[in-house]
Amino acid sequence: MVDVSLTAALSDIGEHTIAPSRSRGYWATVRCNLRRDPRAVGGGLVLLLLVIGVVGAPLIAPADPYHASILARLKPIGTPGHLLGTDELGRDMLSRLLYGGQSTFLMGVAPVLIAFLIGGTLGLVAGYGGGAINMMIMRAMDVLYAFPSVLLAVALSGALGSGIGNAMLALTLVFIAPIARVAESAATEISHLDFVDAARASGASAVTVVRVHVLGHVLGPVIVYASSLSSLGIVLAAGLSFLGLGVIPPRPDWGLMLSTLRQSIYIQPMIAALPGVLIFLTSISLNMVSDALRDATMVKK
Amino acid sequence: MSLAAADSRDRGGRAQPMLIARALKKYFPVRGGGFLTRSHLHAVDDVSFSLGKGETIGIVGESGCGKSTLARVVLNLIHRDAGELIFDGEAVGTSDGITLRDLRKSAQMVFQDSHASLNPRLSIEDTLAFGPMAHGAKRREAVARALHLLNLVGLDPRRYAVCYPHELSGGQRQRVNIARALSLEPRLVVMDEPVSALDKSVEAQVLNLLIDLRQRLSLTYLFISHDLNVVRFISDRVMVMYLGRVVEIGAADTIFRRAAHPYTQGLLASRLAMDPDKRIAAPPLSGDPPSPIDPAPGCRFAGRCPFVEEVCRVVTPELVRHGDKTGGKADHLAHSERAHSDMTHSVACHMADAASSHSRAGNA
Amino acid sequence: MLYVLRRILYTVPIALSVTVICFLLVHIAPGDPLQMMLPDNATPEAVSELKAKYGLDKPLPVQYLVWLGHVAHGDLGTSISTGRGVADELSAAIGNTAIIATGGAMLGFLMGIGLGLVSGLCADTFVDRAATTIAIAAISVPHYWLAIVMTIIFAVELNWLPAIGIGPGGVSLSWEDLSHIVLPVLTLSLIPMGIVARTVRGKVVELMAMEFIQTLRAKGLRSFGILRHVVKNAAPSVMAVMGLQLGYLFGGSILVETVFNWPGVGFLMSNAILRRDMPMLQGAILILALLFVVLNLIVDLLQTTIDPRIRRRG
């Protein structure tokens with residue numbers, strides 16, 4: 001799953017990311033392109049709704065997500081007082097879904113952000129530095145890269161034990177290597193162009209050259225790639241909880257809920273599927289935004 | 001050529017050559033070939049010359065002869081593998097010589113490919129302000145200098161300062177490249193094929209600009225090009241390179257009128273003439289140049305030279321003074337380090353070396 | 001030839017590093033693995049005796065080498081929960097994983113190629129947009145959720161297919177056995193389908209725009225001939241993607257196997273996690289990771305034979 005967007009990201013870097021004829025600076029052009037792309041608008045809207053719901057859970061949720069009631073177990077959707085029914089312990093589904101999104105989002109997105117910082121820096125240093133530095137860093141990344149992402153996430157998480165912190169640590173480690181690869185590829189490509197040589201020739205320090213000239217070109221592909229990783233992050237994070245490796249019950253979490261509601265598929269199949277619907281929606285809207293972002297940063301010559 | 005005017009920025013005196021290069025070598029390790037042994041691409045092989053203040057030396061040769069690598073080695077953008085570089089009397093790249101920072105302020109480069117030579121994300125004024133700011137100038141100062149530079153190269157700062165590279169034509173971009181090279185007020189400007197990508201009419205404008213700037217700012221030029229006519233137009237002296245080695249060096253007129261090395265003669269004869277009566281049937285230079293990777297001993301031009309003999313394939317010719325009947329390696333470097341500008345015509349060919357065993361030795 | 005050798009040699013340090021990581025996994029786990037094996041009131045002597053028996057009192061690098069030696073001989077230790085040899089359990093399970101992984105991969109590739117071709121050849125039409133939306137949905141779907149949904153639709157509501165487990169005959173062509181395979185394979189096929197479809201579409205669009213296709217058209221080559229050219233040129237990258245997807249299916253089978261109780265390596269891993277059965281977990285991860293490395297190598301070499309221009313660095 002990780003690899004195709006990586007391959008695409010790597011091949012995209014070869015195109016010169018130059019703004020079109022209006023002299024409006026690069027990022028302004030990207031914003032403009034995004035606004036016109038239905039995928040970005042649609043996906044962005046769905047994401048916005050989800051985020052509002054999840055972040056605003058304390059205000060929106062009708063009931064306490066932990067409040068269990070044996071009598072109210074597995075009530076169907078549309079029950080008065082429980083808009084989306086109740087789960088196997090009688091807790092209100094809507095509230096649990098809203099609150100559950102908080103841990104899923106946290107476990108899915110935070111690792112991507114941290115990996116973006118760490119992997120991006122590593123790749124940038126390796127790409128600009130070249131030679132021995134490049135070899136050392138990228139060989140280390142190659143080792144991590146030798147594992148399929150799901151396997152590595154499960155392995156690390158399984159070894160560390162359950163808990164949100166452990167899951168986030170595992171996912172961060174999983175994401176560092178592919179991000180570093182994209183960053184390194186972009187940085188290497190740019191570092192060989194003449195204007196970087198010219199910048200070095202003017203006597204500026206390496207940090208200054210990287211900051212002014214290289215960083216801007218590397219940020220684009222890395223941000224695009226990281227955004228596509230975030231959908232994987234959400235799916236993997238919920239998946240870890242599904243296996244019992246992430247969130248610890250009774251805390252609500254979409255993946256965990258999928259797992260505990262599994263036994264109830266014969267009784268209330270719709271409710272059992274609900275948490276997954278939200279994971280799916282989040283994932284697909286993130287992918288759409290990421291696709292749109294990729295096209296927005298890539299302008300035909 | 002008279003001595004250049006004294007400049008307060010110079011450390012060495014007026015007679016001190018701006019640049020002395022001795023036996024510069026740069027080899028690139030190449031993958032492939034043997035499993036355990038390493039092959040090397042001889043990009044720059046034992047190159048020596050000196051450049052006086054105010055002088056312009058043109059370096060010519062085909063693609064792949066090492067000109068661009070030499071340019072970068074001279075500016076210490078690529079570290080040389082062997083040899084010495086002396087800038088205005090101070091050694092480059094040693095702990096007691098000139099600092100890198102000072103070198104960067106004194107020697108700059110105008111790049112070849114005008115498209116990738118400017119950062120497409122930065123406006124012109126940002127690009128020009130980068131150098132001075134990196135050396136501590138405040139932004140306002142740097143931008144003011146940038147605008148002044150744009151004027152200097154003939155671009156209206158009000159129009160062009162806030163533009164992006166893609167909005168400029170090739171000629172305009174090269175002017176910006178030149179302005180950038182001048183932004184740190186260097187004494188030496190190395191130019192790597194600065195007009196090759198331009199249309200002929202634009203080329204003439206840019207060349208004239210370069211000549212004008214040279215006079216106004218008392219600059220010293222190292223001008224690299226594969227175009228002989230351009231080199232002749234702008235250079236005082238010419239150095240001909242082939243596969244990383246210097247094959248001939250001397251005053252521009254001398255080289256163009258009385259070239260001694262067969263390669264130079266071939267290059268000159270290859271220029272297309274405007275006069276249809278001067279058509280030539282067979283191409284002057286035939287065959288392909290050998291690979292610069294691990295070259296065989298002997299003269300590099302042996303495979304294509306019409307005068308090749310046994311000695312050429314075995315002994316590598318050294319630069320000898322042309323017309324010197326006594327033969328032996330010309331100590332032309334020592335000579336030029338005494339005089340500020342050396343117009344000695346030297347050739348790396350056995351035919352010019354009276355002491356060699358070539359049948360035409362000493363008669364060329 | 002030299003490149004092939006170099007590439008194979010390069011895989012060795014990678015494989016070794018993978019083993020190191022697998023080895024270390026157990027040791028970063030909190031909790032003493034010995035606690036599980038001993039009663040709570042064990043005497044210090046009993047503890048140190050057990051430690052010596054398992055070689056846990058030696059320094060880490062030595063332990064690693066000892067462990068590696070065992071692995072090389074096919075001994076992956078004993079499962080704490082079942083008491084049987086890990087290697088034996090895994091060798092039985094890997095066949096099952098292979099069935100659904102390869103089945104899912106092949107189905108996914110077929111559908112993906114079809115979808116991608118249709119999409120790419122009709123680029124920017126309604127058909128294309130519909131197809132790319134399907135592809136995006138396919139790659140976004142959490143497959144464990146999809147497994148549950150499939151179970152709900154086909155097992156619970158329609159009652160056509162069994163919900164969990166493997167058929168009594170294991171793998172055969174009898175309906176009884178096949179019916180157990182259908183859902184896992186269908187579920188696993190979706191993500192590869194989406195990814196292959198996107199890759200194929202991208203390649204087709206790119207190739208159709210290239211000049212040599214225009215030249216072929218101008219020469220009067222009919223659509224089918226052009227198609228053949230497109231396929232030939234797109235094949236290397238698409239194959240690379242397919243190879244990797246197959247690897248991901250093997251490595252990532254755990255979630256789907258858990259839902260379907262399919263007795264593959266992933267299912268064993270999932271149980272091992274629940275029971276903190278470290279030797280089993282370690283063995284499963286090692287096998288799957290090494291399999292992935294080998295698969296990558298094969299894909300790389302295949303790609304290079306088809307298109308010599310593609311050479312990975314190193």
# chains A, B, ... in the order shown; residues from 1 in each chain; ligands from 1
>>> residues_around(residues="region 123-135 of chain A", least_positions_apart="2", cutoff="9 Å", atoms="only C-alpha atoms", output="NGL selection string")
:A and (118-121 or 137-140 or 177 or 179-192 or 206 or 210 or 214-215 or 218)
>>> write_last_selection(atoms="C-alpha atoms", output="PDB file, in the first residue's frame")
ATOM      1  CA  ILE A 118      12.375  13.278  11.324  1.00  0.00           C
ATOM      2  CA  GLY A 119      12.307  11.493   7.981  1.00  0.00           C
ATOM      3  CA  GLY A 120      12.207  14.742   6.068  1.00  0.00           C
ATOM      4  CA  THR A 121      15.275  16.066   7.840  1.00  0.00           C
ATOM      5  CA  ILE A 137      21.455   7.295   6.383  1.00  0.00           C
ATOM      6  CA  MET A 138      19.888   5.593   3.419  1.00  0.00           C
ATOM      7  CA  ARG A 139      21.254   2.169   4.262  1.00  0.00           C
ATOM      8  CA  ALA A 140      19.690   2.485   7.688  1.00  0.00           C
ATOM      9  CA  ALA A 177      11.848   5.318   6.099  1.00  0.00           C
ATOM     10  CA  ILE A 179       9.381   9.710   3.905  1.00  0.00           C
ATOM     11  CA  ALA A 180      13.156   9.853   4.150  1.00  0.00           C
ATOM     12  CA  ARG A 181      13.391   8.175   0.766  1.00  0.00           C
ATOM     13  CA  VAL A 182      11.151  10.723  -0.908  1.00  0.00           C
ATOM     14  CA  ALA A 183      12.986  13.605   0.747  1.00  0.00           C
ATOM     15  CA  GLU A 184      16.375  12.226  -0.206  1.00  0.00           C
ATOM     16  CA  SER A 185      15.354  11.699  -3.787  1.00  0.00           C
ATOM     17  CA  ALA A 186      14.096  15.256  -4.129  1.00  0.00           C
ATOM     18  CA  ALA A 187      17.090  16.745  -2.335  1.00  0.00           C
ATOM     19  CA  THR A 188      19.580  14.824  -4.455  1.00  0.00           C
ATOM     20  CA  GLU A 189      17.864  15.886  -7.648  1.00  0.00           C
ATOM     21  CA  ILE A 190      17.860  19.534  -6.675  1.00  0.00           C
ATOM     22  CA  SER A 191      21.344  19.572  -5.209  1.00  0.00           C
ATOM     23  CA  HIS A 192      22.861  18.824  -8.580  1.00  0.00           C
ATOM     24  CA  ALA A 206      25.311  24.864   3.912  1.00  0.00           C
ATOM     25  CA  VAL A 210      19.551  24.421   2.033  1.00  0.00           C
ATOM     26  CA  VAL A 214      16.765  23.342  -1.522  1.00  0.00           C
ATOM     27  CA  LEU A 215      14.065  23.221   1.117  1.00  0.00           C
ATOM     28  CA  VAL A 218      11.835  19.263  -1.272  1.00  0.00           C
TER      29      VAL A 218
END
>>> residues_around(residues="Glu141 (chain B)", least_positions_apart="4", cutoff="10 Å", atoms="only C-alpha atoms", output="list in words")
Ala129, Pro132, Met133, Ala137, Arg145 and Ala146 of chain B
>>> residues_around(residues="region 41-51 of chain A", least_positions_apart="4", cutoff="6 Å", atoms="only C-alpha atoms", output="list in words")
Val55, Ser285, Met288 and Val289 of chain A
>>> write_last_selection(atoms="C-alpha atoms", output="mmCIF file, in the first residue's frame")
data_model
loop_
_atom_site.group_PDB
_atom_site.id
_atom_site.type_symbol
_atom_site.label_atom_id
_atom_site.label_comp_id
_atom_site.auth_asym_id
_atom_site.auth_seq_id
_atom_site.Cartn_x
_atom_site.Cartn_y
_atom_site.Cartn_z
ATOM 1 C CA VAL A 55 -12.869 17.500 17.993
ATOM 2 C CA SER A 285 -11.158 11.775 1.775
ATOM 3 C CA MET A 288 -8.589 12.416 -2.465
ATOM 4 C CA VAL A 289 -7.052 15.489 -0.919
#
>>> interface_residues(of="chain C", to="chain A", cutoff="6 Å", atoms="only C-alpha atoms", output="number ranges by chain")
C: 14, 25, 29, 140-142, 145, 248, 251-252, 273, 289
>>> write_last_selection(atoms="N, CA and C atoms", output="mmCIF file, in the first residue's frame")
data_model
loop_
_atom_site.group_PDB
_atom_site.id
_atom_site.type_symbol
_atom_site.label_atom_id
_atom_site.label_comp_id
_atom_site.auth_asym_id
_atom_site.auth_seq_id
_atom_site.Cartn_x
_atom_site.Cartn_y
_atom_site.Cartn_z
ATOM 1 N N ILE C 14 21.008 -6.864 4.087
ATOM 2 C CA ILE C 14 19.631 -6.493 4.413
ATOM 3 C C ILE C 14 18.959 -7.618 5.180
ATOM 4 N N LEU C 25 13.405 -7.515 18.685
ATOM 5 C CA LEU C 25 12.004 -7.262 18.986
ATOM 6 C C LEU C 25 11.612 -7.868 20.315
ATOM 7 N N ALA C 29 10.583 -5.950 24.234
ATOM 8 C CA ALA C 29 9.279 -6.170 24.853
ATOM 9 C C ALA C 29 9.392 -5.992 26.356
ATOM 10 N N SER C 140 -8.488 2.895 -0.367
ATOM 11 C CA SER C 140 -8.721 3.523 0.931
ATOM 12 C C SER C 140 -9.394 2.578 1.907
ATOM 13 N N VAL C 141 -9.979 1.520 1.395
ATOM 14 C CA VAL C 141 -10.796 0.702 2.279
ATOM 15 C C VAL C 141 -9.940 -0.031 3.300
ATOM 16 N N PRO C 142 -10.331 0.029 4.554
ATOM 17 C CA PRO C 142 -9.614 -0.772 5.550
ATOM 18 C C PRO C 142 -10.023 -2.226 5.367
ATOM 19 N N TRP C 145 -12.157 -4.125 7.882
ATOM 20 C CA TRP C 145 -13.543 -3.727 7.890
ATOM 21 C C TRP C 145 -14.283 -4.343 6.717
ATOM 22 N N TYR C 248 3.186 -7.381 0.046
ATOM 23 C CA TYR C 248 2.376 -6.760 1.083
ATOM 24 C C TYR C 248 1.245 -7.670 1.530
ATOM 25 N N GLY C 251 2.766 -10.130 3.873
ATOM 26 C CA GLY C 251 3.158 -9.520 5.138
ATOM 27 C C GLY C 251 1.980 -8.937 5.904
ATOM 28 N N GLY C 252 0.950 -8.523 5.178
ATOM 29 C CA GLY C 252 -0.135 -7.834 5.840
ATOM 30 C C GLY C 252 -1.378 -8.671 6.007
ATOM 31 N N ILE C 273 0.176 -12.618 19.707
ATOM 32 C CA ILE C 273 0.147 -11.305 20.352
ATOM 33 C C ILE C 273 -0.751 -11.349 21.581
ATOM 34 N N ALA C 289 9.082 -11.439 6.982
ATOM 35 C CA ALA C 289 9.995 -10.379 6.554
ATOM 36 C C ALA C 289 10.996 -10.903 5.539
#
>>> residues_around(residues="Gln282 (chain C)", least_positions_apart="2", cutoff="10 Å", atoms="only C-alpha atoms", output="PDB file with C-alpha atoms, in the first residue's frame")
ATOM      1  CA  ALA A 155       5.792  -6.403  14.979  1.00  0.00           C
ATOM      2  CA  GLY A 158       3.305  -6.421  19.350  1.00  0.00           C
ATOM      3  CA  ALA A 159       6.690  -6.332  20.957  1.00  0.00           C
TER       4      ALA A 159
ATOM      5  CA  THR C  19      17.154 -10.929  11.496  1.00  0.00           C
ATOM      6  CA  ILE C  21      15.651  -6.526  14.207  1.00  0.00           C
ATOM      7  CA  CYS C  22      13.514  -9.612  14.648  1.00  0.00           C
ATOM      8  CA  PHE C  23      15.860 -10.790  17.359  1.00  0.00           C
ATOM      9  CA  LEU C  24      15.775  -7.459  19.121  1.00  0.00           C
ATOM     10  CA  LEU C  25      12.004  -7.262  18.986  1.00  0.00           C
ATOM     11  CA  VAL C  26      11.669  -9.783  21.714  1.00  0.00           C
ATOM     12  CA  LEU C  76      12.634 -21.361  15.560  1.00  0.00           C
ATOM     13  CA  GLY C  77      12.041 -22.298  19.146  1.00  0.00           C
ATOM     14  CA  VAL C  86       7.299 -22.805  16.052  1.00  0.00           C
ATOM     15  CA  MET C 269       0.760 -13.984  14.829  1.00  0.00           C
ATOM     16  CA  ALA C 272       0.708 -14.970  19.645  1.00  0.00           C
ATOM     17  CA  ASP C 277       3.880 -15.885  22.861  1.00  0.00           C
ATOM     18  CA  MET C 278       7.170 -14.305  21.911  1.00  0.00           C
ATOM     19  CA  PRO C 279       8.905 -17.182  20.137  1.00  0.00           C
ATOM     20  CA  MET C 280       5.906 -17.632  17.877  1.00  0.00           C
ATOM     21  CA  ALA C 284       6.272 -15.468  12.222  1.00  0.00           C
ATOM     22  CA  ILE C 285       7.704 -11.992  11.722  1.00  0.00           C
ATOM     23  CA  LEU C 286      11.049 -13.392  10.669  1.00  0.00           C
ATOM     24  CA  ILE C 287       9.569 -15.686   8.070  1.00  0.00           C
TER      25      ILE C 287
END
>>> atom_distance(atom1="CA of Ile20 (chain B)", atom2="CA of Ala91 (chain B)")
9.3 Å
>>> atom_distance(atom1="CA of Ser48 (chain B)", atom2="CA of Ser95 (chain B)")
22.0 Å
>>> closest_atom_pairs(of="chain B", to="chain A", cutoff="10 Å", atoms="only C-alpha atoms", output="tab-separated table")
residue	atom	partner	partner_atom	distance
B:Arg72	CA	A:Ala201	CA	9.4
B:Leu75	CA	A:Ala201	CA	7.9
B:Asn76	CA	A:Ala201	CA	8.6
B:Leu77	CA	A:Ala201	CA	6.7
B:Leu100	CA	A:Gly203	CA	7.4
B:Arg101	CA	A:Gly203	CA	5.7
B:Asp102	CA	A:Gly203	CA	8.5
B:Leu103	CA	A:Gly203	CA	8.4
B:Arg104	CA	A:Gly203	CA	5.3
B:Lys105	CA	A:Ser202	CA	7.1
B:Ser106	CA	A:Ser202	CA	9.8
B:Ala107	CA	A:Ala201	CA	8.8
B:Gln108	CA	A:Ala201	CA	6.9
B:Met109	CA	A:Ala198	CA	7.4
B:Val110	CA	A:Ala198	CA	8.3
B:Phe111	CA	A:Asp194	CA	7.0
B:Gln112	CA	A:Asp194	CA	8.3
B:Asp113	CA	A:Asp194	CA	7.6
B:Ser114	CA	A:Asp194	CA	8.7
B:His115	CA	A:Asp194	CA	8.9
B:Ala116	CA	A:Asp194	CA	5.7
B:Ser117	CA	A:Phe195	CA	4.3
B:Leu118	CA	A:Phe195	CA	5.1
B:Asn119	CA	A:Phe195	CA	5.7
B:Pro120	CA	A:Ile18	CA	6.3
B:Arg121	CA	A:Tyr26	CA	6.5
B:Leu122	CA	A:Gly25	CA	8.0
B:Ser123	CA	A:Gly25	CA	8.3
B:Asp126	CA	A:Val212	CA	9.8
B:Thr127	CA	A:Ala199	CA	8.9
B:Phe130	CA	A:Ala199	CA	7.7
B:Gly131	CA	A:Ser202	CA	5.3
B:Pro132	CA	A:Ser202	CA	8.2
B:Met133	CA	A:Ala204	CA	8.6
B:Ala134	CA	A:Ala204	CA	5.0
B:His135	CA	A:Ala204	CA	7.0
B:Gly136	CA	A:Ala204	CA	9.8
B:Val162	CA	A:Ser23	CA	8.6
B:Cys163	CA	A:Ser23	CA	6.6
B:Tyr164	CA	A:Ser23	CA	6.5
B:Pro165	CA	A:Ser23	CA	9.6
B:His166	CA	A:Ser21	CA	7.8
B:Glu167	CA	A:Ser21	CA	7.1
B:Asn177	CA	A:Ala198	CA	9.3
B:Arg180	CA	A:Ala198	CA	8.8
B:Ala181	CA	A:Ser202	CA	8.3
B:Ser183	CA	A:Ser202	CA	9.0
B:Leu184	CA	A:Ser202	CA	7.6
>>> write_last_selection(atoms="C-alpha atoms", output="tab-separated table (two decimals), in the first residue's frame")
chain	number	residue	atom	x	y	z
B	72	ARG	CA	34.75	24.24	-10.80
B	75	LEU	CA	36.83	28.03	-7.94
B	76	ASN	CA	37.25	25.25	-5.41
B	77	LEU	CA	33.65	24.13	-5.90
B	100	LEU	CA	37.16	30.07	1.45
B	101	ARG	CA	35.03	33.03	2.33
B	102	ASP	CA	37.48	35.49	0.85
B	103	LEU	CA	37.89	33.36	-2.22
B	104	ARG	CA	34.16	33.33	-2.74
B	105	LYS	CA	34.06	37.07	-2.60
B	106	SER	CA	36.87	37.42	-5.10
B	107	ALA	CA	36.14	34.75	-7.66
B	108	GLN	CA	32.73	33.99	-9.07
B	109	MET	CA	31.17	31.96	-11.84
B	110	VAL	CA	28.64	32.54	-14.59
B	111	PHE	CA	26.93	29.26	-15.31
B	112	GLN	CA	26.14	27.55	-18.54
B	113	ASP	CA	22.58	26.37	-18.66
B	114	SER	CA	20.61	29.48	-18.06
B	115	HIS	CA	17.46	27.54	-17.32
B	116	ALA	CA	18.59	25.55	-14.29
B	117	SER	CA	21.06	28.18	-13.22
B	118	LEU	CA	18.40	30.30	-11.55
B	119	ASN	CA	16.14	29.04	-8.79
B	120	PRO	CA	12.67	29.03	-10.34
B	121	ARG	CA	11.06	29.71	-6.99
B	122	LEU	CA	12.95	32.89	-6.19
B	123	SER	CA	12.34	36.28	-7.71
B	126	ASP	CA	15.91	37.54	-4.17
B	127	THR	CA	18.38	35.59	-6.26
B	130	PHE	CA	21.24	36.03	-1.69
B	131	GLY	CA	25.01	36.35	-2.07
B	132	PRO	CA	25.45	39.66	-0.24
B	133	MET	CA	23.05	38.60	2.50
B	134	ALA	CA	25.00	35.41	3.01
B	135	HIS	CA	28.00	37.61	3.69
B	136	GLY	CA	26.20	39.66	6.26
B	162	VAL	CA	10.17	41.11	-9.00
B	163	CYS	CA	9.95	38.74	-11.93
B	164	TYR	CA	10.58	35.03	-11.85
B	165	PRO	CA	13.11	33.30	-14.09
B	166	HIS	CA	10.53	31.69	-16.32
B	167	GLU	CA	9.25	35.10	-17.32
B	177	ASN	CA	23.45	35.23	-14.19
B	180	ARG	CA	24.61	37.44	-9.80
B	181	ALA	CA	28.25	36.68	-10.43
B	183	SER	CA	26.96	40.74	-6.77
B	184	LEU	CA	29.90	40.02	-4.51
>>> interface_residues(of="chain C", to="chain B", cutoff="10 Å", atoms="only C-alpha atoms", output="number ranges by chain")
C: 2-3, 6
>>> residues_around(residues="Ala226 (chain A)", least_positions_apart="6", cutoff="8 Å", atoms="only C-alpha atoms", output="ChimeraX atom specification")
/A:112-113,116,179
>>> residues_around(residues="Gly78 (chain A)", least_positions_apart="5", cutoff="12 Å", atoms="only C-alpha atoms", output="VMD selection string")
chain A and resid 83 to 86 92 to 94 270 to 271
>>> write_last_selection(atoms="C-alpha atoms", output="short mmCIF file (atom, residue, chain, number, x, y, z; two decimals), in the first residue's frame")
data_model
loop_
_atom_site.label_atom_id
_atom_site.label_comp_id
_atom_site.auth_asym_id
_atom_site.auth_seq_id
_atom_site.Cartn_x
_atom_site.Cartn_y
_atom_site.Cartn_z
CA LEU A 83 -29.53 7.80 17.14
CA LEU A 84 -27.08 5.18 16.00
CA GLY A 85 -27.99 2.47 18.37
CA THR A 86 -25.98 1.01 21.21
CA ASP A 92 -24.44 4.97 22.95
CA MET A 93 -22.88 4.42 19.54
CA LEU A 94 -22.98 8.01 18.35
CA MET A 270 -25.30 -2.43 10.66
CA ILE A 271 -23.99 -1.26 13.98
#
>>> select_by_dssp(residues="region 51-173 of chain C", states="alpha helix (DSSP H)", output="NGL selection string")
:C and (51-53 or 60-72 or 86-121 or 126-140 or 143-150)
